[in-house]
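Novice: Following this line is work-v1.json, made up of JSON, N, CA, C and O atoms:
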```json
[["chain", "number", "residue", "atom", "x", "y", "z"],
["A", 1, "MET", "N", 92.98, 107.81, 100.77],
["A", 1, "MET", "CA", 92.39, 106.50, 100.96],
["A", 1, "MET", "C", 93.07, 105.51, 100.02],
["A", 1, "MET", "O", 93.35, 105.83, 98.88],
["A", 2, "MET", "N", 93.33, 104.33, 100.50],
["A", 2, "MET", "CA", 93.99, 103.33, 99.69],
["A", 2, "MET", "C", 92.97, 102.63, 98.80],
["A", 2, "MET", "O", 91.88, 102.29, 99.24],
["A", 3, "ARG", "N", 93.34, 102.46, 97.55],
["A", 3, "ARG", "CA", 92.48, 101.77, 96.61],
["A", 3, "ARG", "C", 93.07, 100.40, 96.34],
["A", 3, "ARG", "O", 94.28, 100.24, 96.20],
["A", 4, "TYR", "N", 92.19, 99.40, 96.26],
["A", 4, "TYR", "CA", 92.63, 98.04, 95.98],
["A", 4, "TYR", "C", 92.03, 97.57, 94.68],
["A", 4, "TYR", "O", 90.92, 97.94, 94.31],
["A", 5, "GLU", "N", 92.79, 96.73, 93.98],
["A", 5, "GLU", "CA", 92.30, 96.11, 92.77],
["A", 5, "GLU", "C", 91.56, 94.83, 93.15],
["A", 5, "GLU", "O", 91.50, 94.46, 94.32],
["A", 6, "GLU", "N", 91.01, 94.12, 92.17],
["A", 6, "GLU", "CA", 90.22, 92.93, 92.45],
["A", 6, "GLU", "C", 91.02, 91.84, 93.14],
["A", 6, "GLU", "O", 90.50, 91.13, 93.97],
["A", 7, "GLY", "N", 92.27, 91.69, 92.83],
["A", 7, "GLY", "CA", 93.09, 90.64, 93.42],
["A", 7, "GLY", "C", 93.57, 90.94, 94.83],
["A", 7, "GLY", "O", 94.30, 90.17, 95.42],
["A", 8, "GLY", "N", 93.17, 92.07, 95.41],
["A", 8, "GLY", "CA", 93.60, 92.43, 96.76],
["A", 8, "GLY", "C", 94.91, 93.17, 96.79],
["A", 8, "GLY", "O", 95.47, 93.40, 97.86],
["A", 9, "THR", "N", 95.44, 93.53, 95.62],
["A", 9, "THR", "CA", 96.70, 94.27, 95.59],
["A", 9, "THR", "C", 96.41, 95.76, 95.56],
["A", 9, "THR", "O", 95.31, 96.18, 95.20],
["A", 10, "LEU", "N", 97.39, 96.53, 95.94],
["A", 10, "LEU", "CA", 97.23, 97.99, 95.91],
["A", 10, "LEU", "C", 97.12, 98.48, 94.48],
["A", 10, "LEU", "O", 97.83, 98.02, 93.60],
["A", 11, "ALA", "N", 96.25, 99.44, 94.25],
["A", 11, "ALA", "CA", 96.08, 100.03, 92.92],
["A", 11, "ALA", "C", 97.18, 101.06, 92.66],
["A", 11, "ALA", "O", 97.38, 101.46, 91.53],
["A", 12, "ASP", "N", 97.88, 101.47, 93.71],
["A", 12, "ASP", "CA", 98.95, 102.46, 93.59],
["A", 12, "ASP", "C", 100.23, 101.75, 93.16],
["A", 12, "ASP", "O", 100.74, 100.90, 93.89],
["A", 13, "HIS", "N", 100.72, 102.07, 91.98],
["A", 13, "HIS", "CA", 101.92, 101.41, 91.46],
["A", 13, "HIS", "C", 103.13, 102.33, 91.48],
["A", 13, "HIS", "O", 104.11, 102.07, 90.80],
["A", 14, "ARG", "N", 103.07, 103.41, 92.24],
["A", 14, "ARG", "CA", 104.21, 104.31, 92.35],
["A", 14, "ARG", "C", 105.31, 103.65, 93.18],
["A", 14, "ARG", "O", 105.05, 102.74, 93.96],
["A", 15, "PRO", "N", 106.54, 104.11, 93.02],
["A", 15, "PRO", "CA", 107.62, 103.57, 93.84],
["A", 15, "PRO", "C", 107.34, 103.82, 95.33],
["A", 15, "PRO", "O", 106.79, 104.85, 95.70],
["A", 16, "CYS", "N", 107.69, 102.87, 96.15],
["A", 16, "CYS", "CA", 107.58, 102.95, 97.61],
["A", 16, "CYS", "C", 106.12, 102.96, 98.08],
["A", 16, "CYS", "O", 105.85, 103.35, 99.21],
["A", 17, "SER", "N", 105.18, 102.55, 97.25],
["A", 17, "SER", "CA", 103.77, 102.61, 97.64],
["A", 17, "SER", "C", 103.44, 101.62, 98.75],
["A", 17, "SER", "O", 102.57, 101.90, 99.58],
["A", 18, "GLY", "N", 104.12, 100.49, 98.79],
["A", 18, "GLY", "CA", 103.86, 99.52, 99.85],
["A", 18, "GLY", "C", 104.25, 100.04, 101.22],
["A", 18, "GLY", "O", 103.50, 99.89, 102.20],
["A", 19, "VAL", "N", 105.41, 100.68, 101.29],
["A", 19, "VAL", "CA", 105.87, 101.25, 102.55],
["A", 19, "VAL", "C", 104.97, 102.42, 102.94],
["A", 19, "VAL", "O", 104.64, 102.59, 104.12],
["A", 20, "ARG", "N", 104.54, 103.20, 101.98],
["A", 20, "ARG", "CA", 103.65, 104.32, 102.24],
["A", 20, "ARG", "C", 102.33, 103.83, 102.84],
["A", 20, "ARG", "O", 101.83, 104.40, 103.81],
["A", 21, "ALA", "N", 101.77, 102.76, 102.28],
["A", 21, "ALA", "CA", 100.51, 102.22, 102.79],
["A", 21, "ALA", "C", 100.68, 101.67, 104.21],
["A", 21, "ALA", "O", 99.82, 101.87, 105.07],
["A", 22, "ASP", "N", 101.81, 101.00, 104.46],
["A", 22, "ASP", "CA", 102.06, 100.47, 105.80],
["A", 22, "ASP", "C", 102.20, 101.59, 106.82],
["A", 22, "ASP", "O", 101.69, 101.49, 107.94],
["A", 23, "LEU", "N", 102.90, 102.65, 106.45],
["A", 23, "LEU", "CA", 103.07, 103.80, 107.34],
["A", 23, "LEU", "C", 101.73, 104.46, 107.62],
["A", 23, "LEU", "O", 101.42, 104.80, 108.76],
["A", 24, "LYS", "N", 100.92, 104.60, 106.60],
["A", 24, "LYS", "CA", 99.61, 105.23, 106.77],
["A", 24, "LYS", "C", 98.73, 104.42, 107.73],
["A", 24, "LYS", "O", 98.11, 104.97, 108.63],
["A", 25, "MET", "N", 98.70, 103.11, 107.55],
["A", 25, "MET", "CA", 97.88, 102.26, 108.42],
["A", 25, "MET", "C", 98.42, 102.24, 109.85],
["A", 25, "MET", "O", 97.65, 102.25, 110.81],
["A", 26, "CYS", "N", 99.73, 102.24, 110.01],
["A", 26, "CYS", "CA", 100.32, 102.27, 111.35],
["A", 26, "CYS", "C", 99.92, 103.55, 112.08],
["A", 26, "CYS", "O", 99.56, 103.51, 113.26],
["A", 27, "LEU", "N", 99.99, 104.67, 111.39],
["A", 27, "LEU", "CA", 99.63, 105.94, 112.02],
["A", 27, "LEU", "C", 98.15, 106.03, 112.33],
["A", 27, "LEU", "O", 97.76, 106.51, 113.40],
["A", 28, "LEU", "N", 97.31, 105.56, 111.43],
["A", 28, "LEU", "CA", 95.87, 105.64, 111.65],
["A", 28, "LEU", "C", 95.40, 104.73, 112.79],
["A", 28, "LEU", "O", 94.40, 105.00, 113.43],
["A", 29, "GLU", "N", 96.15, 103.65, 113.05],
["A", 29, "GLU", "CA", 95.79, 102.73, 114.12],
["A", 29, "GLU", "C", 96.45, 103.09, 115.45],
["A", 29, "GLU", "O", 96.20, 102.43, 116.45],
["A", 30, "SER", "N", 97.29, 104.12, 115.47],
["A", 30, "SER", "CA", 97.97, 104.49, 116.70],
["A", 30, "SER", "C", 97.03, 105.24, 117.64],
["A", 30, "SER", "O", 96.00, 105.78, 117.23],
["A", 31, "ASN", "N", 97.39, 105.29, 118.92],
["A", 31, "ASN", "CA", 96.59, 106.00, 119.91],
["A", 31, "ASN", "C", 96.55, 107.49, 119.64],
["A", 31, "ASN", "O", 95.59, 108.16, 119.99],
["A", 32, "CYS", "N", 97.58, 108.00, 119.03],
["A", 32, "CYS", "CA", 97.64, 109.44, 118.73],
["A", 32, "CYS", "C", 96.48, 109.84, 117.83],
["A", 32, "CYS", "O", 95.83, 110.86, 118.06],
["A", 33, "CYS", "N", 96.20, 109.04, 116.82],
["A", 33, "CYS", "CA", 95.11, 109.37, 115.89],
["A", 33, "CYS", "C", 93.76, 108.95, 116.43],
["A", 33, "CYS", "O", 92.76, 109.63, 116.23],
["A", 34, "LYS", "N", 93.71, 107.79, 117.10],
["A", 34, "LYS", "CA", 92.43, 107.28, 117.58],
["A", 34, "LYS", "C", 91.91, 108.04, 118.80],
["A", 34, "LYS", "O", 90.77, 108.47, 118.82],
["A", 35, "ILE", "N", 92.74, 108.17, 119.82],
["A", 35, "ILE", "CA", 92.29, 108.73, 121.09],
["A", 35, "ILE", "C", 92.41, 110.25, 121.12],
["A", 35, "ILE", "O", 91.49, 110.97, 121.50],
["A", 36, "GLU", "N", 93.57, 110.75, 120.69],
["A", 36, "GLU", "CA", 93.81, 112.19, 120.77],
["A", 36, "GLU", "C", 93.23, 112.96, 119.59],
["A", 36, "GLU", "O", 93.27, 114.18, 119.56],
["A", 37, "LYS", "N", 92.72, 112.23, 118.58],
["A", 37, "LYS", "CA", 92.07, 112.82, 117.40],
["A", 37, "LYS", "C", 92.97, 113.81, 116.66],
["A", 37, "LYS", "O", 92.54, 114.89, 116.26],
["A", 38, "LYS", "N", 94.23, 113.44, 116.50],
["A", 38, "LYS", "CA", 95.16, 114.26, 115.72],
["A", 38, "LYS", "C", 95.33, 113.65, 114.34],
["A", 38, "LYS", "O", 95.06, 112.48, 114.12],
["A", 39, "THR", "N", 95.83, 114.46, 113.43],
["A", 39, "THR", "CA", 96.11, 113.95, 112.09],
["A", 39, "THR", "C", 97.43, 113.18, 112.13],
["A", 39, "THR", "O", 98.27, 113.41, 112.99],
["A", 40, "PRO", "N", 97.63, 112.26, 111.18],
["A", 40, "PRO", "CA", 98.89, 111.53, 111.14],
["A", 40, "PRO", "C", 100.10, 112.45, 110.99],
["A", 40, "PRO", "O", 101.16, 112.19, 111.56],
["A", 41, "LYS", "N", 99.93, 113.55, 110.27],
["A", 41, "LYS", "CA", 101.02, 114.50, 110.09],
["A", 41, "LYS", "C", 101.42, 115.12, 111.43],
["A", 41, "LYS", "O", 102.60, 115.28, 111.73],
["A", 42, "GLU", "N", 100.42, 115.47, 112.25],
["A", 42, "GLU", "CA", 100.71, 116.05, 113.56],
["A", 42, "GLU", "C", 101.39, 115.03, 114.47],
["A", 42, "GLU", "O", 102.30, 115.37, 115.23],
["A", 43, "CYS", "N", 100.96, 113.78, 114.40],
["A", 43, "CYS", "CA", 101.57, 112.73, 115.23],
["A", 43, "CYS", "C", 103.03, 112.53, 114.86],
["A", 43, "CYS", "O", 103.87, 112.35, 115.75],
["A", 44, "LEU", "N", 103.34, 112.54, 113.57],
["A", 44, "LEU", "CA", 104.74, 112.39, 113.15],
["A", 44, "LEU", "C", 105.57, 113.60, 113.54],
["A", 44, "LEU", "O", 106.72, 113.47, 113.95],
["A", 45, "ARG", "N", 105.00, 114.78, 113.42],
["A", 45, "ARG", "CA", 105.73, 116.00, 113.75],
["A", 45, "ARG", "C", 106.07, 116.05, 115.24],
["A", 45, "ARG", "O", 107.16, 116.46, 115.62],
["A", 46, "GLU", "N", 105.13, 115.61, 116.08],
["A", 46, "GLU", "CA", 105.34, 115.63, 117.53],
["A", 46, "GLU", "C", 106.07, 114.39, 118.04],
["A", 46, "GLU", "O", 106.38, 114.30, 119.22],
["A", 47, "ARG", "N", 106.34, 113.43, 117.16],
["A", 47, "ARG", "CA", 106.97, 112.16, 117.52],
["A", 47, "ARG", "C", 106.14, 111.43, 118.57],
["A", 47, "ARG", "O", 106.65, 110.77, 119.47],
["A", 48, "ASN", "N", 104.81, 111.57, 118.48],
["A", 48, "ASN", "CA", 103.89, 110.98, 119.43],
["A", 48, "ASN", "C", 103.23, 109.76, 118.81],
["A", 48, "ASN", "O", 102.02, 109.64, 118.75],
["A", 49, "CYS", "N", 104.06, 108.83, 118.32],
["A", 49, "CYS", "CA", 103.54, 107.63, 117.69],
["A", 49, "CYS", "C", 104.43, 106.45, 118.09],
["A", 49, "CYS", "O", 105.53, 106.65, 118.59],
["A", 50, "PRO", "N", 103.97, 105.22, 117.88],
["A", 50, "PRO", "CA", 104.75, 104.05, 118.27],
["A", 50, "PRO", "C", 106.09, 103.97, 117.53],
["A", 50, "PRO", "O", 106.23, 104.52, 116.42],
["A", 51, "PRO", "N", 107.06, 103.29, 118.12],
["A", 51, "PRO", "CA", 108.37, 103.14, 117.45],
["A", 51, "PRO", "C", 108.28, 102.44, 116.10],
["A", 51, "PRO", "O", 109.10, 102.69, 115.22],
["A", 52, "GLU", "N", 107.28, 101.57, 115.93],
["A", 52, "GLU", "CA", 107.13, 100.88, 114.64],
["A", 52, "GLU", "C", 106.82, 101.88, 113.53],
["A", 52, "GLU", "O", 107.31, 101.74, 112.42],
["A", 53, "CYS", "N", 106.02, 102.88, 113.86],
["A", 53, "CYS", "CA", 105.67, 103.90, 112.86],
["A", 53, "CYS", "C", 106.89, 104.76, 112.52],
["A", 53, "CYS", "O", 107.07, 105.15, 111.37],
["A", 54, "LEU", "N", 107.70, 105.05, 113.52],
["A", 54, "LEU", "CA", 108.91, 105.84, 113.27],
["A", 54, "LEU", "C", 109.89, 105.05, 112.41],
["A", 54, "LEU", "O", 110.56, 105.62, 111.54],
["A", 55, "ALA", "N", 109.96, 103.73, 112.62],
["A", 55, "ALA", "CA", 110.82, 102.89, 111.79],
["A", 55, "ALA", "C", 110.31, 102.86, 110.36],
["A", 55, "ALA", "O", 111.09, 102.91, 109.40],
["A", 56, "LEU", "N", 108.98, 102.79, 110.19],
["A", 56, "LEU", "CA", 108.41, 102.82, 108.84],
["A", 56, "LEU", "C", 108.64, 104.17, 108.17],
["A", 56, "LEU", "O", 108.85, 104.24, 106.96],
["A", 57, "GLN", "N", 108.61, 105.25, 108.95],
["A", 57, "GLN", "CA", 108.87, 106.57, 108.39],
["A", 57, "GLN", "C", 110.30, 106.64, 107.87],
["A", 57, "GLN", "O", 110.55, 107.17, 106.79],
["A", 58, "ASN", "N", 111.24, 106.07, 108.62],
["A", 58, "ASN", "CA", 112.63, 106.07, 108.18],
["A", 58, "ASN", "C", 112.81, 105.20, 106.93],
["A", 58, "ASN", "O", 113.53, 105.57, 106.01],
["A", 59, "THR", "N", 112.14, 104.06, 106.90],
["A", 59, "THR", "CA", 112.21, 103.19, 105.72],
["A", 59, "THR", "C", 111.63, 103.89, 104.49],
["A", 59, "THR", "O", 112.19, 103.80, 103.39],
["A", 60, "PHE", "N", 110.54, 104.61, 104.67],
["A", 60, "PHE", "CA", 109.93, 105.36, 103.57],
["A", 60, "PHE", "C", 110.87, 106.45, 103.08],
["A", 60, "PHE", "O", 111.03, 106.65, 101.87],
["A", 61, "PHE", "N", 111.53, 107.14, 104.01],
["A", 61, "PHE", "CA", 112.48, 108.18, 103.64],
["A", 61, "PHE", "C", 113.63, 107.59, 102.83],
["A", 61, "PHE", "O", 114.03, 108.14, 101.80],
["A", 62, "GLU", "N", 114.18, 106.46, 103.31],
["A", 62, "GLU", "CA", 115.29, 105.82, 102.60],
["A", 62, "GLU", "C", 114.85, 105.35, 101.21],
["A", 62, "GLU", "O", 115.62, 105.44, 100.25],
["A", 63, "CYS", "N", 113.64, 104.86, 101.09],
["A", 63, "CYS", "CA", 113.14, 104.41, 99.80],
["A", 63, "CYS", "C", 113.02, 105.58, 98.83],
["A", 63, "CYS", "O", 113.44, 105.49, 97.68],
["A", 64, "LYS", "N", 112.47, 106.70, 99.29],
["A", 64, "LYS", "CA", 112.34, 107.87, 98.43],
["A", 64, "LYS", "C", 113.71, 108.44, 98.06],
["A", 64, "LYS", "O", 113.92, 108.89, 96.95],
["A", 65, "ARG", "N", 114.64, 108.42, 99.02],
["A", 65, "ARG", "CA", 115.98, 108.94, 98.75],
["A", 65, "ARG", "C", 116.71, 108.07, 97.73],
["A", 65, "ARG", "O", 117.47, 108.57, 96.90],
["A", 66, "SER", "N", 116.46, 106.76, 97.78],
["A", 66, "SER", "CA", 117.14, 105.86, 96.85],
["A", 66, "SER", "C", 116.69, 106.10, 95.40],
["A", 66, "SER", "O", 117.38, 105.70, 94.47],
["A", 67, "LEU", "N", 115.53, 106.73, 95.21],
["A", 67, "LEU", "CA", 115.07, 107.03, 93.85],
["A", 67, "LEU", "C", 115.96, 108.07, 93.18],
["A", 67, "LEU", "O", 116.06, 108.12, 91.96],
["A", 68, "LEU", "N", 116.58, 108.91, 93.99],
["A", 68, "LEU", "CA", 117.43, 109.98, 93.46],
["A", 68, "LEU", "C", 118.89, 109.57, 93.35],
["A", 68, "LEU", "O", 119.68, 110.26, 92.73],
["A", 69, "ASP", "N", 119.26, 108.45, 93.96],
["A", 69, "ASP", "CA", 120.64, 108.00, 94.00],
["A", 69, "ASP", "C", 120.93, 107.14, 92.76],
["A", 69, "ASP", "O", 120.32, 106.09, 92.57],
["A", 70, "ASN", "N", 121.84, 107.58, 91.93],
["A", 70, "ASN", "CA", 122.16, 106.86, 90.71],
["A", 70, "ASN", "C", 122.78, 105.49, 90.98],
["A", 70, "ASN", "O", 122.65, 104.59, 90.17],
["A", 71, "ARG", "N", 123.45, 105.33, 92.10],
["A", 71, "ARG", "CA", 124.04, 104.03, 92.42],
["A", 71, "ARG", "C", 122.96, 102.98, 92.68],
["A", 71, "ARG", "O", 123.20, 101.80, 92.51],
["A", 72, "GLN", "N", 121.78, 103.41, 93.09],
["A", 72, "GLN", "CA", 120.71, 102.47, 93.42],
["A", 72, "GLN", "C", 120.03, 101.90, 92.18],
["A", 72, "GLN", "O", 119.22, 100.99, 92.29],
["A", 73, "ARG", "N", 120.33, 102.43, 91.03],
["A", 73, "ARG", "CA", 119.71, 101.91, 89.82],
["A", 73, "ARG", "C", 120.02, 100.43, 89.63],
["A", 73, "ARG", "O", 119.22, 99.67, 89.14],
["A", 74, "PHE", "N", 121.23, 100.03, 90.03],
["A", 74, "PHE", "CA", 121.66, 98.65, 89.82],
["A", 74, "PHE", "C", 121.35, 97.77, 91.04],
["A", 74, "PHE", "O", 121.16, 96.58, 90.91],
["A", 75, "ARG", "N", 121.26, 98.36, 92.20],
["A", 75, "ARG", "CA", 121.02, 97.60, 93.42],
["A", 75, "ARG", "C", 119.54, 97.42, 93.71],
["A", 75, "ARG", "O", 119.15, 96.55, 94.45],
["A", 76, "GLY", "N", 118.70, 98.31, 93.22],
["A", 76, "GLY", "CA", 117.27, 98.26, 93.51],
["A", 76, "GLY", "C", 116.92, 99.22, 94.63],
["A", 76, "GLY", "O", 117.79, 99.68, 95.37],
["A", 77, "ARG", "N", 115.64, 99.51, 94.76],
["A", 77, "ARG", "CA", 115.19, 100.44, 95.77],
["A", 77, "ARG", "C", 115.12, 99.77, 97.12],
["A", 77, "ARG", "O", 114.81, 98.60, 97.24],
["A", 78, "LYS", "N", 115.37, 100.54, 98.17],
["A", 78, "LYS", "CA", 115.24, 100.04, 99.53],
["A", 78, "LYS", "C", 113.78, 100.04, 99.91],
["A", 78, "LYS", "O", 113.03, 100.91, 99.54],
["A", 79, "GLY", "N", 113.40, 99.05, 100.69],
["A", 79, "GLY", "CA", 112.03, 98.99, 101.17],
["A", 79, "GLY", "C", 111.01, 98.59, 100.14],
["A", 79, "GLY", "O", 109.83, 98.79, 100.31],
["A", 80, "TYR", "N", 111.47, 98.00, 99.04],
["A", 80, "TYR", "CA", 110.52, 97.65, 97.99],
["A", 80, "TYR", "C", 110.29, 96.17, 97.98],
["A", 80, "TYR", "O", 111.10, 95.37, 98.11]]
```
Written as structure tokens, that's how I'd like the structure from this file.
Specialist:
Amino acid sequence: MMRYEEGGTLADHRPCSGVRADLKMCLLESNCCKIEKKTPKECLRERNCPPECLALQNTFFECKRSLLDNRQRFRGRKGY
């Protein structure tokens, strides 16, 4: 569950937390989770979600991968 601070900002200050929250909300609002009553993990595994969610999944992956790339230290993280 997402926690919010008083100002309406996310309480999660980890890297890529904004993209993570967007991906979570996209999956929870998709027909796969609402109508078919599947978990977001199952929807991603079966690729049974909207293209917007798949694009967010790729952005989240690139953001997490950039944390391990030493060249990104100077350029900044992707998706942040």
Novice: Tell me which of A:Cys33, A:Pro15, A:Pro51, A:Leu23 sits closest to A:Cys63, counting only N, CA, C and O atoms.
Specialist: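 Going through A:Cys33, A:Pro15, A:Pro51, A:Leu23 one by one, the smallest distance to A:Cys63 is for A:Pro15.
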Novice: Write out as JSON an axis-aligned box for stretch 53-72 of chain A: all of its atoms listed in the file, 3 Å added on each side, centre and edge lengths in Å with one decimal.
Specialist:
```
{"center_x": 114.9, "center_y": 105.6, "center_z": 102.0, "size_x": 24.4, "size_y": 15.3, "size_z": 29.7}
```
Novice: Could you jot down the atom C of A:Arg65 to atom N of A:Arg45 separation for me, Å, one decimal place?
Specialist: 20.7 Å
Novice: Nearest to A:Cys49 among A:Lys37, A:Cys32, A:Lys64, A:Arg20, with distances taken over all atoms listed in the file: which residue is it?
Specialist: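 Using all atoms listed in the file, A:Cys49 sits closest to A:Cys32.
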Novice: Report, in Å with one decimal, the straight-line distance from atom N of A:Ser17 to atom O of A:Arg47.
Specialist: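 These two atoms are separated by 23.7 Å.
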Novice: So how far away is atom N of A:Leu27 from atom O of A:Leu56, in Å?
Specialist: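 Taking atom O of A:Leu56 as the start and atom N of A:Leu27 as the end point, the length is 9.9 Å.
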Novice: Would you return as a PyMOL selection string the members of stretch 16-66 of chain A that DSSP assigns to helix (DSSP H, G or I) on this structure's backbone?
Specialist: chain A and resi 17-28+31-34+40-46+51-66
Novice: In the coordinates of the file, take the point (103.0, 109.3, 115.5) and a cut-off of 12 Å; then, counting only C-alpha atoms, name each qualifying protein, DNA or RNA residue as a CSV table (one decimal) with N, CA, C and O atoms, in the coordinates of the input.
Specialist:
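This is the output file out.csv:
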```csv
chain,number,residue,atom,x,y,z
A,23,LEU,N,102.9,102.6,106.4
A,23,LEU,CA,103.1,103.8,107.3
A,23,LEU,C,101.7,104.5,107.6
A,23,LEU,O,101.4,104.8,108.8
A,24,LYS,N,100.9,104.6,106.6
A,24,LYS,CA,99.6,105.2,106.8
A,24,LYS,C,98.7,104.4,107.7
A,24,LYS,O,98.1,105.0,108.6
A,25,MET,N,98.7,103.1,107.6
A,25,MET,CA,97.9,102.3,108.4
A,25,MET,C,98.4,102.2,109.8
A,25,MET,O,97.6,102.2,110.8
A,26,CYS,N,99.7,102.2,110.0
A,26,CYS,CA,100.3,102.3,111.4
A,26,CYS,C,99.9,103.6,112.1
A,26,CYS,O,99.6,103.5,113.3
A,27,LEU,N,100.0,104.7,111.4
A,27,LEU,CA,99.6,105.9,112.0
A,27,LEU,C,98.2,106.0,112.3
A,27,LEU,O,97.8,106.5,113.4
A,28,LEU,N,97.3,105.6,111.4
A,28,LEU,CA,95.9,105.6,111.6
A,28,LEU,C,95.4,104.7,112.8
A,28,LEU,O,94.4,105.0,113.4
A,29,GLU,N,96.2,103.6,113.0
A,29,GLU,CA,95.8,102.7,114.1
A,29,GLU,C,96.4,103.1,115.4
A,29,GLU,O,96.2,102.4,116.4
A,30,SER,N,97.3,104.1,115.5
A,30,SER,CA,98.0,104.5,116.7
A,30,SER,C,97.0,105.2,117.6
A,30,SER,O,96.0,105.8,117.2
A,31,ASN,N,97.4,105.3,118.9
A,31,ASN,CA,96.6,106.0,119.9
A,31,ASN,C,96.6,107.5,119.6
A,31,ASN,O,95.6,108.2,120.0
A,32,CYS,N,97.6,108.0,119.0
A,32,CYS,CA,97.6,109.4,118.7
A,32,CYS,C,96.5,109.8,117.8
A,32,CYS,O,95.8,110.9,118.1
A,33,CYS,N,96.2,109.0,116.8
A,33,CYS,CA,95.1,109.4,115.9
A,33,CYS,C,93.8,109.0,116.4
A,33,CYS,O,92.8,109.6,116.2
A,34,LYS,N,93.7,107.8,117.1
A,34,LYS,CA,92.4,107.3,117.6
A,34,LYS,C,91.9,108.0,118.8
A,34,LYS,O,90.8,108.5,118.8
A,36,GLU,N,93.6,110.8,120.7
A,36,GLU,CA,93.8,112.2,120.8
A,36,GLU,C,93.2,113.0,119.6
A,36,GLU,O,93.3,114.2,119.6
A,37,LYS,N,92.7,112.2,118.6
A,37,LYS,CA,92.1,112.8,117.4
A,37,LYS,C,93.0,113.8,116.7
A,37,LYS,O,92.5,114.9,116.3
A,38,LYS,N,94.2,113.4,116.5
A,38,LYS,CA,95.2,114.3,115.7
A,38,LYS,C,95.3,113.6,114.3
A,38,LYS,O,95.1,112.5,114.1
A,39,THR,N,95.8,114.5,113.4
A,39,THR,CA,96.1,114.0,112.1
A,39,THR,C,97.4,113.2,112.1
A,39,THR,O,98.3,113.4,113.0
A,40,PRO,N,97.6,112.3,111.2
A,40,PRO,CA,98.9,111.5,111.1
A,40,PRO,C,100.1,112.4,111.0
A,40,PRO,O,101.2,112.2,111.6
A,41,LYS,N,99.9,113.6,110.3
A,41,LYS,CA,101.0,114.5,110.1
A,41,LYS,C,101.4,115.1,111.4
A,41,LYS,O,102.6,115.3,111.7
A,42,GLU,N,100.4,115.5,112.2
A,42,GLU,CA,100.7,116.0,113.6
A,42,GLU,C,101.4,115.0,114.5
A,42,GLU,O,102.3,115.4,115.2
A,43,CYS,N,101.0,113.8,114.4
A,43,CYS,CA,101.6,112.7,115.2
A,43,CYS,C,103.0,112.5,114.9
A,43,CYS,O,103.9,112.4,115.8
A,44,LEU,N,103.3,112.5,113.6
A,44,LEU,CA,104.7,112.4,113.2
A,44,LEU,C,105.6,113.6,113.5
A,44,LEU,O,106.7,113.5,114.0
A,45,ARG,N,105.0,114.8,113.4
A,45,ARG,CA,105.7,116.0,113.8
A,45,ARG,C,106.1,116.0,115.2
A,45,ARG,O,107.2,116.5,115.6
A,46,GLU,N,105.1,115.6,116.1
A,46,GLU,CA,105.3,115.6,117.5
A,46,GLU,C,106.1,114.4,118.0
A,46,GLU,O,106.4,114.3,119.2
A,47,ARG,N,106.3,113.4,117.2
A,47,ARG,CA,107.0,112.2,117.5
A,47,ARG,C,106.1,111.4,118.6
A,47,ARG,O,106.6,110.8,119.5
A,48,ASN,N,104.8,111.6,118.5
A,48,ASN,CA,103.9,111.0,119.4
A,48,ASN,C,103.2,109.8,118.8
A,48,ASN,O,102.0,109.6,118.8
A,49,CYS,N,104.1,108.8,118.3
A,49,CYS,CA,103.5,107.6,117.7
A,49,CYS,C,104.4,106.4,118.1
A,49,CYS,O,105.5,106.6,118.6
A,50,PRO,N,104.0,105.2,117.9
A,50,PRO,CA,104.8,104.0,118.3
A,50,PRO,C,106.1,104.0,117.5
A,50,PRO,O,106.2,104.5,116.4
A,51,PRO,N,107.1,103.3,118.1
A,51,PRO,CA,108.4,103.1,117.4
A,51,PRO,C,108.3,102.4,116.1
A,51,PRO,O,109.1,102.7,115.2
A,52,GLU,N,107.3,101.6,115.9
A,52,GLU,CA,107.1,100.9,114.6
A,52,GLU,C,106.8,101.9,113.5
A,52,GLU,O,107.3,101.7,112.4
A,53,CYS,N,106.0,102.9,113.9
A,53,CYS,CA,105.7,103.9,112.9
A,53,CYS,C,106.9,104.8,112.5
A,53,CYS,O,107.1,105.2,111.4
A,54,LEU,N,107.7,105.0,113.5
A,54,LEU,CA,108.9,105.8,113.3
A,54,LEU,C,109.9,105.0,112.4
A,54,LEU,O,110.6,105.6,111.5
A,55,ALA,N,110.0,103.7,112.6
A,55,ALA,CA,110.8,102.9,111.8
A,55,ALA,C,110.3,102.9,110.4
A,55,ALA,O,111.1,102.9,109.4
A,56,LEU,N,109.0,102.8,110.2
A,56,LEU,CA,108.4,102.8,108.8
A,56,LEU,C,108.6,104.2,108.2
A,56,LEU,O,108.8,104.2,107.0
A,57,GLN,N,108.6,105.2,109.0
A,57,GLN,CA,108.9,106.6,108.4
A,57,GLN,C,110.3,106.6,107.9
A,57,GLN,O,110.6,107.2,106.8
```
